[in-house]
file coords00.pdb (PDB, C-alpha atoms, pLDDT in the B column)
ATOM      1  CA  MET A   1     -34.287 -16.448 -34.371  1.00 60.00           C
ATOM      2  CA  PRO A   2     -31.005 -14.629 -34.792  1.00 75.00           C
ATOM      3  CA  ARG A   3     -28.092 -16.241 -36.603  1.00 87.00           C
ATOM      4  CA  LEU A   4     -25.142 -15.629 -34.285  1.00 93.00           C
ATOM      5  CA  PHE A   5     -21.373 -15.932 -34.360  1.00 95.00           C
ATOM      6  CA  THR A   6     -18.392 -14.436 -32.568  1.00 97.00           C
ATOM      7  CA  GLY A   7     -15.393 -12.820 -34.129  1.00 97.00           C
ATOM      8  CA  PHE A   8     -12.886 -10.016 -34.242  1.00 98.00           C
ATOM      9  CA  GLU A   9     -13.696  -6.828 -36.103  1.00 97.00           C
ATOM     10  CA  VAL A  10     -11.129  -5.749 -38.690  1.00 98.00           C
ATOM     11  CA  PRO A  11      -9.992  -2.132 -38.241  1.00 97.00           C
ATOM     12  CA  PRO A  12     -10.003   0.242 -41.248  1.00 96.00           C
ATOM     13  CA  GLY A  13      -6.181   0.339 -41.339  1.00 95.00           C
ATOM     14  CA  ILE A  14      -6.256  -3.382 -42.201  1.00 97.00           C
ATOM     15  CA  ALA A  15      -9.532  -3.459 -44.150  1.00 97.00           C
ATOM     16  CA  ASP A  16      -8.510  -0.720 -46.592  1.00 96.00           C
ATOM     17  CA  PRO A  17      -5.401  -2.489 -47.967  1.00 95.00           C
ATOM     18  CA  LEU A  18      -7.375  -5.755 -48.201  1.00 96.00           C
ATOM     19  CA  ALA A  19     -10.160  -3.969 -50.078  1.00 96.00           C
ATOM     20  CA  ALA A  20      -7.604  -2.853 -52.665  1.00 94.00           C
ATOM     21  CA  VAL A  21      -7.726  -6.372 -54.194  1.00 93.00           C
ATOM     22  CA  ARG A  22     -11.450  -5.997 -54.979  1.00 94.00           C
ATOM     23  CA  GLY A  23     -12.573  -6.139 -58.590  1.00 90.00           C
ATOM     24  CA  GLY A  24     -11.468  -7.716 -61.816  1.00 89.00           C
ATOM     25  CA  LEU A  25     -12.623 -11.265 -61.028  1.00 92.00           C
ATOM     26  CA  SER A  26     -15.755 -12.425 -62.810  1.00 91.00           C
ATOM     27  CA  GLY A  27     -17.971 -14.536 -60.563  1.00 93.00           C
ATOM     28  CA  ALA A  28     -16.780 -12.897 -57.326  1.00 95.00           C
ATOM     29  CA  ARG A  29     -19.262 -11.309 -54.932  1.00 94.00           C
ATOM     30  CA  TRP A  30     -17.022  -8.962 -52.957  1.00 96.00           C
ATOM     31  CA  ILE A  31     -17.632  -8.460 -49.259  1.00 94.00           C
ATOM     32  CA  THR A  32     -17.705  -4.799 -48.258  1.00 94.00           C
ATOM     33  CA  PRO A  33     -14.775  -3.820 -46.009  1.00 95.00           C
ATOM     34  CA  ASP A  34     -17.087  -2.752 -43.174  1.00 93.00           C
ATOM     35  CA  HIS A  35     -18.173  -6.421 -42.927  1.00 94.00           C
ATOM     36  CA  TYR A  36     -14.658  -7.883 -42.750  1.00 96.00           C
ATOM     37  CA  HIS A  37     -14.157  -9.967 -39.618  1.00 97.00           C
ATOM     38  CA  VAL A  38     -12.263 -12.979 -38.290  1.00 98.00           C
ATOM     39  CA  THR A  39     -14.804 -15.558 -37.120  1.00 96.00           C
ATOM     40  CA  LEU A  40     -14.128 -17.361 -33.856  1.00 97.00           C
ATOM     41  CA  ARG A  41     -17.238 -19.557 -33.471  1.00 96.00           C
ATOM     42  CA  PHE A  42     -20.395 -19.858 -35.573  1.00 93.00           C
ATOM     43  CA  PHE A  43     -23.508 -20.734 -33.543  1.00 93.00           C
ATOM     44  CA  GLY A  44     -26.194 -20.664 -36.214  1.00 89.00           C
ATOM     45  CA  ASP A  45     -29.854 -19.862 -35.680  1.00 90.00           C
ATOM     46  CA  ILE A  46     -30.264 -19.524 -31.913  1.00 88.00           C
ATOM     47  CA  ASP A  47     -33.350 -18.872 -29.794  1.00 91.00           C
ATOM     48  CA  GLY A  48     -33.354 -15.947 -27.350  1.00 91.00           C
ATOM     49  CA  ALA A  49     -32.778 -18.034 -24.197  1.00 93.00           C
ATOM     50  CA  THR A  50     -29.783 -19.831 -25.708  1.00 93.00           C
ATOM     51  CA  ALA A  51     -28.406 -16.514 -26.985  1.00 94.00           C
ATOM     52  CA  ARG A  52     -28.568 -15.123 -23.432  1.00 94.00           C
ATOM     53  CA  ASP A  53     -26.812 -18.249 -22.098  1.00 95.00           C
ATOM     54  CA  ILE A  54     -24.072 -17.936 -24.726  1.00 95.00           C
ATOM     55  CA  ASP A  55     -23.648 -14.252 -23.875  1.00 95.00           C
ATOM     56  CA  ALA A  56     -23.288 -15.063 -20.145  1.00 95.00           C
ATOM     57  CA  MET A  57     -20.685 -17.773 -20.857  1.00 93.00           C
ATOM     58  CA  LEU A  58     -18.686 -15.553 -23.214  1.00 94.00           C
ATOM     59  CA  ALA A  59     -18.566 -12.816 -20.582  1.00 93.00           C
ATOM     60  CA  LEU A  60     -16.601 -15.251 -18.356  1.00 90.00           C
ATOM     61  CA  ILE A  61     -13.672 -15.504 -20.786  1.00 92.00           C
ATOM     62  CA  ASP A  62     -10.613 -13.768 -19.377  1.00 92.00           C
ATOM     63  CA  LYS A  63      -7.924 -13.636 -22.066  1.00 94.00           C
ATOM     64  CA  PRO A  64      -5.308 -11.079 -23.071  1.00 95.00           C
ATOM     65  CA  PRO A  65      -5.612  -9.088 -26.315  1.00 96.00           C
ATOM     66  CA  VAL A  66      -4.894 -11.173 -29.413  1.00 97.00           C
ATOM     67  CA  ARG A  67      -2.415 -10.228 -32.144  1.00 97.00           C
ATOM     68  CA  LEU A  68      -3.739 -11.061 -35.620  1.00 98.00           C
ATOM     69  CA  THR A  69      -1.511 -11.171 -38.679  1.00 98.00           C
ATOM     70  CA  VAL A  70      -2.585 -11.540 -42.309  1.00 97.00           C
ATOM     71  CA  THR A  71      -0.259 -14.032 -43.997  1.00 95.00           C
ATOM     72  CA  GLY A  72      -1.561 -13.953 -47.575  1.00 93.00           C
ATOM     73  CA  LEU A  73      -4.419 -14.873 -49.856  1.00 93.00           C
ATOM     74  CA  ARG A  74      -5.999 -18.311 -49.861  1.00 92.00           C
ATOM     75  CA  ILE A  75      -8.799 -20.070 -51.703  1.00 92.00           C
ATOM     76  CA  PHE A  76     -11.419 -22.161 -49.912  1.00 93.00           C
ATOM     77  CA  GLY A  77     -13.055 -24.926 -51.887  1.00 90.00           C
ATOM     78  CA  GLY A  78     -10.243 -26.628 -53.805  1.00 81.00           C
ATOM     79  CA  GLU A  79     -11.333 -27.641 -57.309  1.00 83.00           C
ATOM     80  CA  ARG A  80     -14.655 -25.818 -56.809  1.00 89.00           C
ATOM     81  CA  PRO A  81     -13.528 -22.525 -55.275  1.00 93.00           C
ATOM     82  CA  ARG A  82     -16.162 -20.932 -53.047  1.00 94.00           C
ATOM     83  CA  ALA A  83     -14.271 -18.120 -51.299  1.00 95.00           C
ATOM     84  CA  LEU A  84     -11.220 -15.902 -51.630  1.00 96.00           C
ATOM     85  CA  VAL A  85      -9.881 -15.122 -48.163  1.00 96.00           C
ATOM     86  CA  ALA A  86      -7.036 -13.367 -46.403  1.00 96.00           C
ATOM     87  CA  GLU A  87      -5.455 -16.043 -44.252  1.00 96.00           C
ATOM     88  CA  ILE A  88      -4.738 -15.221 -40.592  1.00 98.00           C
ATOM     89  CA  GLU A  89      -1.757 -16.746 -38.781  1.00 97.00           C
ATOM     90  CA  SER A  90      -2.857 -19.486 -36.360  1.00 97.00           C
ATOM     91  CA  THR A  91      -1.077 -18.309 -33.216  1.00 97.00           C
ATOM     92  CA  PRO A  92      -1.392 -20.129 -29.867  1.00 97.00           C
ATOM     93  CA  ASP A  93      -3.336 -17.173 -28.377  1.00 96.00           C
ATOM     94  CA  LEU A  94      -5.836 -17.154 -31.234  1.00 98.00           C
ATOM     95  CA  LEU A  95      -6.289 -20.926 -31.190  1.00 97.00           C
ATOM     96  CA  GLU A  96      -6.765 -20.923 -27.410  1.00 96.00           C
ATOM     97  CA  MET A  97      -9.387 -18.158 -27.688  1.00 96.00           C
ATOM     98  CA  GLN A  98     -11.329 -20.183 -30.249  1.00 97.00           C
ATOM     99  CA  ALA A  99     -10.958 -23.424 -28.265  1.00 95.00           C
ATOM    100  CA  GLU A 100     -12.180 -21.727 -25.065  1.00 95.00           C
ATOM    101  CA  GLN A 101     -15.338 -20.575 -26.843  1.00 95.00           C
ATOM    102  CA  GLU A 102     -15.852 -24.073 -28.238  1.00 95.00           C
ATOM    103  CA  ARG A 103     -15.557 -25.599 -24.753  1.00 94.00           C
ATOM    104  CA  LEU A 104     -17.954 -23.115 -23.184  1.00 92.00           C
ATOM    105  CA  VAL A 105     -20.715 -23.398 -25.761  1.00 90.00           C
ATOM    106  CA  ARG A 106     -20.509 -27.191 -25.783  1.00 93.00           C
ATOM    107  CA  ARG A 107     -21.288 -27.059 -22.050  1.00 92.00           C
ATOM    108  CA  LEU A 108     -24.541 -25.392 -23.068  1.00 91.00           C
ATOM    109  CA  GLY A 109     -25.368 -28.366 -25.269  1.00 90.00           C
ATOM    110  CA  LEU A 110     -24.597 -26.847 -28.643  1.00 91.00           C
ATOM    111  CA  PRO A 111     -23.202 -29.312 -31.176  1.00 91.00           C
ATOM    112  CA  PRO A 112     -19.443 -29.256 -31.751  1.00 90.00           C
ATOM    113  CA  GLU A 113     -18.017 -27.383 -34.710  1.00 89.00           C
ATOM    114  CA  THR A 114     -17.321 -30.016 -37.361  1.00 89.00           C
ATOM    115  CA  ARG A 115     -14.829 -28.047 -39.447  1.00 89.00           C
ATOM    116  CA  LYS A 116     -11.211 -27.505 -38.471  1.00 93.00           C
ATOM    117  CA  TYR A 117     -10.676 -23.896 -37.432  1.00 95.00           C
ATOM    118  CA  ALA A 118      -8.945 -21.926 -40.197  1.00 96.00           C
ATOM    119  CA  PRO A 119      -8.776 -18.229 -39.220  1.00 98.00           C
ATOM    120  CA  HIS A 120      -9.385 -15.898 -42.143  1.00 98.00           C
ATOM    121  CA  ILE A 121     -11.106 -12.795 -43.459  1.00 97.00           C
ATOM    122  CA  THR A 122     -13.507 -13.534 -46.309  1.00 96.00           C
ATOM    123  CA  LEU A 123     -12.888 -11.082 -49.150  1.00 96.00           C
ATOM    124  CA  ALA A 124     -15.206 -12.574 -51.790  1.00 96.00           C
ATOM    125  CA  ARG A 125     -17.685 -15.394 -52.222  1.00 95.00           C
ATOM    126  CA  LEU A 126     -17.190 -17.166 -55.520  1.00 96.00           C
ATOM    127  CA  ARG A 127     -19.543 -18.693 -58.047  1.00 93.00           C
ATOM    128  CA  ASP A 128     -18.444 -20.368 -61.259  1.00 92.00           C
ATOM    129  CA  VAL A 129     -14.819 -19.285 -60.860  1.00 92.00           C
ATOM    130  CA  SER A 130     -12.184 -21.822 -61.851  1.00 89.00           C
ATOM    131  CA  ALA A 131      -9.082 -22.521 -59.833  1.00 86.00           C
ATOM    132  CA  PHE A 132      -7.125 -21.484 -62.957  1.00 88.00           C
ATOM    133  CA  GLN A 133      -8.840 -18.053 -63.028  1.00 90.00           C
ATOM    134  CA  LEU A 134      -8.094 -17.586 -59.338  1.00 90.00           C
ATOM    135  CA  ALA A 135      -4.447 -18.533 -59.738  1.00 89.00           C
ATOM    136  CA  GLY A 136      -4.078 -15.873 -62.438  1.00 91.00           C
ATOM    137  CA  PHE A 137      -5.906 -13.301 -60.321  1.00 94.00           C
ATOM    138  CA  ILE A 138      -3.773 -13.958 -57.239  1.00 92.00           C
ATOM    139  CA  SER A 139      -0.600 -13.935 -59.320  1.00 92.00           C
ATOM    140  CA  ALA A 140      -1.522 -10.557 -60.804  1.00 92.00           C
ATOM    141  CA  ILE A 141      -2.134  -9.096 -57.324  1.00 90.00           C
ATOM    142  CA  GLY A 142       1.175 -10.299 -55.946  1.00 88.00           C
ATOM    143  CA  PRO A 143       1.914 -10.644 -52.256  1.00 90.00           C
ATOM    144  CA  LEU A 144      -0.079  -8.662 -49.728  1.00 89.00           C
ATOM    145  CA  PRO A 145       1.739  -6.123 -47.576  1.00 87.00           C
ATOM    146  CA  LYS A 146       2.434  -7.239 -44.004  1.00 87.00           C
ATOM    147  CA  LEU A 147      -0.762  -6.495 -42.092  1.00 96.00           C
ATOM    148  CA  ALA A 148      -1.210  -7.011 -38.367  1.00 97.00           C
ATOM    149  CA  PHE A 149      -3.378  -5.646 -35.581  1.00 97.00           C
ATOM    150  CA  THR A 150      -4.154  -6.315 -31.947  1.00 97.00           C
ATOM    151  CA  ALA A 151      -7.747  -7.140 -31.046  1.00 97.00           C
ATOM    152  CA  ASN A 152      -8.664  -5.721 -27.639  1.00 96.00           C
ATOM    153  CA  ARG A 153     -12.165  -7.175 -27.820  1.00 96.00           C
ATOM    154  CA  TYR A 154     -14.226  -9.700 -29.675  1.00 97.00           C
ATOM    155  CA  VAL A 155     -17.912  -9.378 -30.491  1.00 97.00           C
ATOM    156  CA  MET A 156     -21.053 -11.388 -31.027  1.00 96.00           C
ATOM    157  CA  PHE A 157     -22.450 -10.677 -34.462  1.00 95.00           C
ATOM    158  CA  SER A 158     -25.895 -11.396 -35.812  1.00 92.00           C
ATOM    159  CA  SER A 159     -26.645 -11.784 -39.476  1.00 87.00           C
ATOM    160  CA  ARG A 160     -29.751 -12.224 -41.515  1.00 72.00           C
ATOM    161  CA  ASP A 161     -30.474 -15.549 -43.144  1.00 62.00           C
ATOM    162  CA  SER A 162     -28.814 -15.024 -46.499  1.00 56.00           C
ATOM    163  CA  VAL A 163     -26.082 -16.395 -48.683  1.00 54.00           C
ATOM    164  CA  GLY A 164     -23.485 -14.645 -46.541  1.00 55.00           C
ATOM    165  CA  GLY A 165     -21.628 -11.406 -46.668  1.00 56.00           C
ATOM    166  CA  GLY A 166     -23.760  -9.415 -44.238  1.00 64.00           C
ATOM    167  CA  PRO A 167     -25.215  -7.275 -43.072  1.00 82.00           C
ATOM    168  CA  TYR A 168     -23.636  -8.082 -39.725  1.00 89.00           C
ATOM    169  CA  ILE A 169     -24.738  -6.360 -36.535  1.00 92.00           C
ATOM    170  CA  VAL A 170     -22.686  -6.250 -33.332  1.00 94.00           C
ATOM    171  CA  GLU A 171     -24.997  -7.587 -30.607  1.00 95.00           C
ATOM    172  CA  ALA A 172     -22.489  -7.694 -27.712  1.00 96.00           C
ATOM    173  CA  ASP A 173     -18.809  -7.040 -27.128  1.00 96.00           C
ATOM    174  CA  TYR A 174     -16.326  -8.706 -24.802  1.00 97.00           C
ATOM    175  CA  PRO A 175     -13.169  -6.823 -23.807  1.00 96.00           C
ATOM    176  CA  LEU A 176      -9.857  -8.650 -23.621  1.00 95.00           C
ATOM    177  CA  GLY A 177      -7.087  -8.007 -21.139  1.00 88.00           C
ATOM    178  CA  ILE A 178      -9.164  -6.117 -18.618  1.00 63.00           C
ATOM    179  CA  GLU A 179      -7.107  -5.595 -15.504  1.00 51.00           C
ATOM    180  CA  THR A 180      -8.644  -4.598 -12.205  1.00 42.00           C
ATOM    181  CA  ASP A 181      -6.869  -2.276  -9.791  1.00 44.00           C
ATOM    182  CA  ASP A 182      -8.226  -4.162  -6.758  1.00 41.00           C
ATOM    183  CA  ALA A 183      -4.943  -6.021  -6.145  1.00 40.00           C
ATOM    184  CA  PHE A 184      -3.010  -2.745  -5.892  1.00 36.00           C
ATOM    185  CA  ASP A 185      -5.324  -0.826  -3.556  1.00 40.00           C
ATOM    186  CA  ASP A 186      -3.635   0.388  -0.343  1.00 36.00           C
TER
END

call {"tool": "encode", "arguments": {"input": "coords00.pdb", "output": "structure tokens"}}
result
Amino acid sequence: MPRLFTGFEVPPGIADPLAAVRGGLSGARWITPDHYHVTLRFFGDIDGATARDIDAMLALIDKPPVRLTVTGLRIFGGERPRALVAEIESTPDLLEMQAEQERLVRRLGLPPETRKYAPHITLARLRDVSAFQLAGFISAIGPLPKLAFTANRYVMFSSRDSVGGGPYIVEADYPLGIETDDAFDD
């Protein structure tokens, strides 16, 4: 059974500056830049029939391209840090895109997502790193440069059953903002 999720790919012009923070943090397992993404909805281990149903529902989404902006570094996990991420601004367009996917897949009978949506790009998974170490690391890096891009599509990724971090394979893609010329035909 494939483990599936949807998300936005991160272009090299954004991934490269984010990758510049890699290294120098003991206990960090750095994600390779070619696996950077902004998750929209995690589905989990899905059988083939359900995967086809999800694909058909996702193809119905008609949304404009989404502007994504990195707002800084953030730590997930509080006192027991588990991930260093680049936080993404929660814009109305992004939140509506995620909510639309949630509505559609719930119609298929999938369980609701239990965690509040917090858009981000995972840079490193952490093990045995203290919040104090992370604060020093983030302070030494300083603020990230302003990074933004427009996503003209989102994709369905598959991943192998692992501790995370890839490899991720694009199984399907869904264009955003597709306009048809039918309304303007003479």

call {"tool": "residues_around", "arguments": {"input": "coords00.pdb", "residues": "Met57 in chain A", "least_positions_apart": "5", "cutoff": "9 Å", "atoms": "all atoms listed in the file", "output": "ChimeraX atom specification"}}
result
/A:52,101,104-105,108

call {"tool": "residues_around", "arguments": {"input": "coords00.pdb", "residues": "Ser26 in chain A", "least_positions_apart": "6", "cutoff": "9 Å", "atoms": "only C-alpha atoms", "output": "number ranges by chain"}}
result
A: 126-129, 133

call {"tool": "closest_residue", "arguments": {"input": "coords00.pdb", "among": "A:Thr39, A:Ala135, A:Ala59, A:Gly177", "to": "Ile88 in chain A", "atoms": "all atoms listed in the file"}}
result
A:Thr39

call {"tool": "closest_atom_pairs", "arguments": {"input": "coords00.pdb", "of": "range 10-122 of chain A", "to": "range 147-150 of chain A", "cutoff": "8 Å", "atoms": "all atoms listed in the file", "output": "Markdown table"}}
result
| residue | atom | partner | partner_atom | distance |
| --- | --- | --- | --- | --- |
| A:Pro11 | CA | A:Phe149 | CA | 7.9 |
| A:Ile14 | CA | A:Leu147 | CA | 6.3 |
| A:Pro65 | CA | A:Thr150 | CA | 6.4 |
| A:Val66 | CA | A:Thr150 | CA | 5.5 |
| A:Arg67 | CA | A:Thr150 | CA | 4.3 |
| A:Leu68 | CA | A:Phe149 | CA | 5.4 |
| A:Thr69 | CA | A:Ala148 | CA | 4.2 |
| A:Val70 | CA | A:Leu147 | CA | 5.4 |
| A:Thr71 | CA | A:Leu147 | CA | 7.8 |

call {"tool": "closest_residue", "arguments": {"input": "coords00.pdb", "among": "A:Asn152, A:Ser139, A:Thr32, A:Gln98", "to": "Leu73 in chain A", "atoms": "all atoms listed in the file"}}
result
A:Ser139

call {"tool": "resolve_selection", "arguments": {"input": "coords00.pdb", "expression": "the PyMOL selection byres ((chain A and resi 81) around 10)", "output": "list in words"}}
result
Ile75, Phe76, Gly77, Gly78, Glu79, Arg80, Arg82, Ala83, Leu84, Arg125, Leu126, Arg127, Asp128, Val129, Ser130, Ala131 and Leu134 of chain A

call {"tool": "closest_residue", "arguments": {"input": "coords00.pdb", "among": "A:Pro2, A:Pro119, A:Gly24, A:Gly13", "to": "Ala49 in chain A", "atoms": "all atoms listed in the file"}}
result
A:Pro2

call {"tool": "closest_atom_pairs", "arguments": {"input": "coords00.pdb", "of": "range 78-160 of chain A", "to": "range 42-45 of chain A", "cutoff": "9 Å", "atoms": "only C-alpha atoms", "output": "JSON lines"}}
result
{"residue": "A:Val105", "atom": "CA", "partner": "A:Phe43", "partner_atom": "CA", "distance": 8.7}
{"residue": "A:Leu110", "atom": "CA", "partner": "A:Phe43", "partner_atom": "CA", "distance": 7.9}
{"residue": "A:Pro111", "atom": "CA", "partner": "A:Phe43", "partner_atom": "CA", "distance": 8.9}
{"residue": "A:Glu113", "atom": "CA", "partner": "A:Phe42", "partner_atom": "CA", "distance": 7.9}

call {"tool": "atom_distance", "arguments": {"input": "coords00.pdb", "atom1": "CA of Arg22 in chain A", "atom2": "CA of Glu9 in chain A"}}
result
19.0 Å

call {"tool": "closest_residue", "arguments": {"input": "coords00.pdb", "among": "A:Leu144, A:Ile138, A:Ile61, A:Val85", "to": "Glu102 in chain A", "atoms": "only C-alpha atoms"}}
result
A:Ile61

call {"tool": "closest_residue", "arguments": {"input": "coords00.pdb", "among": "A:Leu176, A:Ala99, A:Ala51, A:Val38", "to": "Leu123 in chain A", "atoms": "all atoms listed in the file"}}
result
A:Val38

call {"tool": "closest_residue", "arguments": {"input": "coords00.pdb", "among": "A:Arg107, A:Lys146, A:Arg74, A:His37", "to": "Ile54 in chain A", "atoms": "all atoms listed in the file"}}
result
A:Arg107

call {"tool": "build_atoms", "arguments": {"input": "coords00.pdb", "residues": "range 67-81 of chain A", "atoms": "N, CA and C atoms", "output": "mmCIF file, in the frame of the given file"}}
result
data_model
loop_
_atom_site.group_PDB
_atom_site.id
_atom_site.type_symbol
_atom_site.label_atom_id
_atom_site.label_comp_id
_atom_site.auth_asym_id
_atom_site.auth_seq_id
_atom_site.Cartn_x
_atom_site.Cartn_y
_atom_site.Cartn_z
ATOM 1 N N ARG A 67 -3.082 -10.794 -30.965
ATOM 2 C CA ARG A 67 -2.415 -10.228 -32.144
ATOM 3 C C ARG A 67 -2.805 -11.057 -33.364
ATOM 4 N N LEU A 68 -3.304 -10.394 -34.396
ATOM 5 C CA LEU A 68 -3.739 -11.061 -35.620
ATOM 6 C C LEU A 68 -2.894 -10.564 -36.783
ATOM 7 N N THR A 69 -2.379 -11.505 -37.562
ATOM 8 C CA THR A 69 -1.511 -11.171 -38.679
ATOM 9 C C THR A 69 -2.022 -11.835 -39.958
ATOM 10 N N VAL A 70 -2.200 -11.030 -40.994
ATOM 11 C CA VAL A 70 -2.585 -11.540 -42.309
ATOM 12 C C VAL A 70 -1.332 -12.116 -42.958
ATOM 13 N N THR A 71 -1.433 -13.378 -43.422
ATOM 14 C CA THR A 71 -0.259 -14.032 -43.997
ATOM 15 C C THR A 71 -0.317 -14.169 -45.516
ATOM 16 N N GLY A 72 -1.456 -13.864 -46.126
ATOM 17 C CA GLY A 72 -1.561 -13.953 -47.575
ATOM 18 C C GLY A 72 -2.961 -14.312 -48.014
ATOM 19 N N LEU A 73 -3.122 -14.494 -49.299
ATOM 20 C CA LEU A 73 -4.419 -14.873 -49.856
ATOM 21 C C LEU A 73 -4.520 -16.383 -49.940
ATOM 22 N N ARG A 74 -5.748 -16.873 -49.810
ATOM 23 C CA ARG A 74 -5.999 -18.311 -49.861
ATOM 24 C C ARG A 74 -7.360 -18.523 -50.504
ATOM 25 N N ILE A 75 -7.533 -19.693 -51.076
ATOM 26 C CA ILE A 75 -8.799 -20.070 -51.703
ATOM 27 C C ILE A 75 -9.406 -21.199 -50.880
ATOM 28 N N PHE A 76 -10.689 -21.074 -50.555
ATOM 29 C CA PHE A 76 -11.419 -22.161 -49.912
ATOM 30 C C PHE A 76 -12.237 -22.858 -50.982
ATOM 31 N N GLY A 77 -12.210 -24.164 -50.981
ATOM 32 C CA GLY A 77 -13.055 -24.926 -51.887
ATOM 33 C C GLY A 77 -12.324 -25.818 -52.863
ATOM 34 N N GLY A 78 -11.009 -25.731 -52.937
ATOM 35 C CA GLY A 78 -10.243 -26.628 -53.805
ATOM 36 C C GLY A 78 -10.608 -26.498 -55.267
ATOM 37 N N GLU A 79 -10.999 -27.623 -55.881
ATOM 38 C CA GLU A 79 -11.333 -27.641 -57.309
ATOM 39 C C GLU A 79 -12.583 -26.821 -57.630
ATOM 40 N N ARG A 80 -13.447 -26.636 -56.634
ATOM 41 C CA ARG A 80 -14.655 -25.818 -56.809
ATOM 42 C C ARG A 80 -14.568 -24.637 -55.851
ATOM 43 N N PRO A 81 -13.759 -23.648 -56.188
ATOM 44 C CA PRO A 81 -13.528 -22.525 -55.275
ATOM 45 C C PRO A 81 -14.825 -21.845 -54.857
#
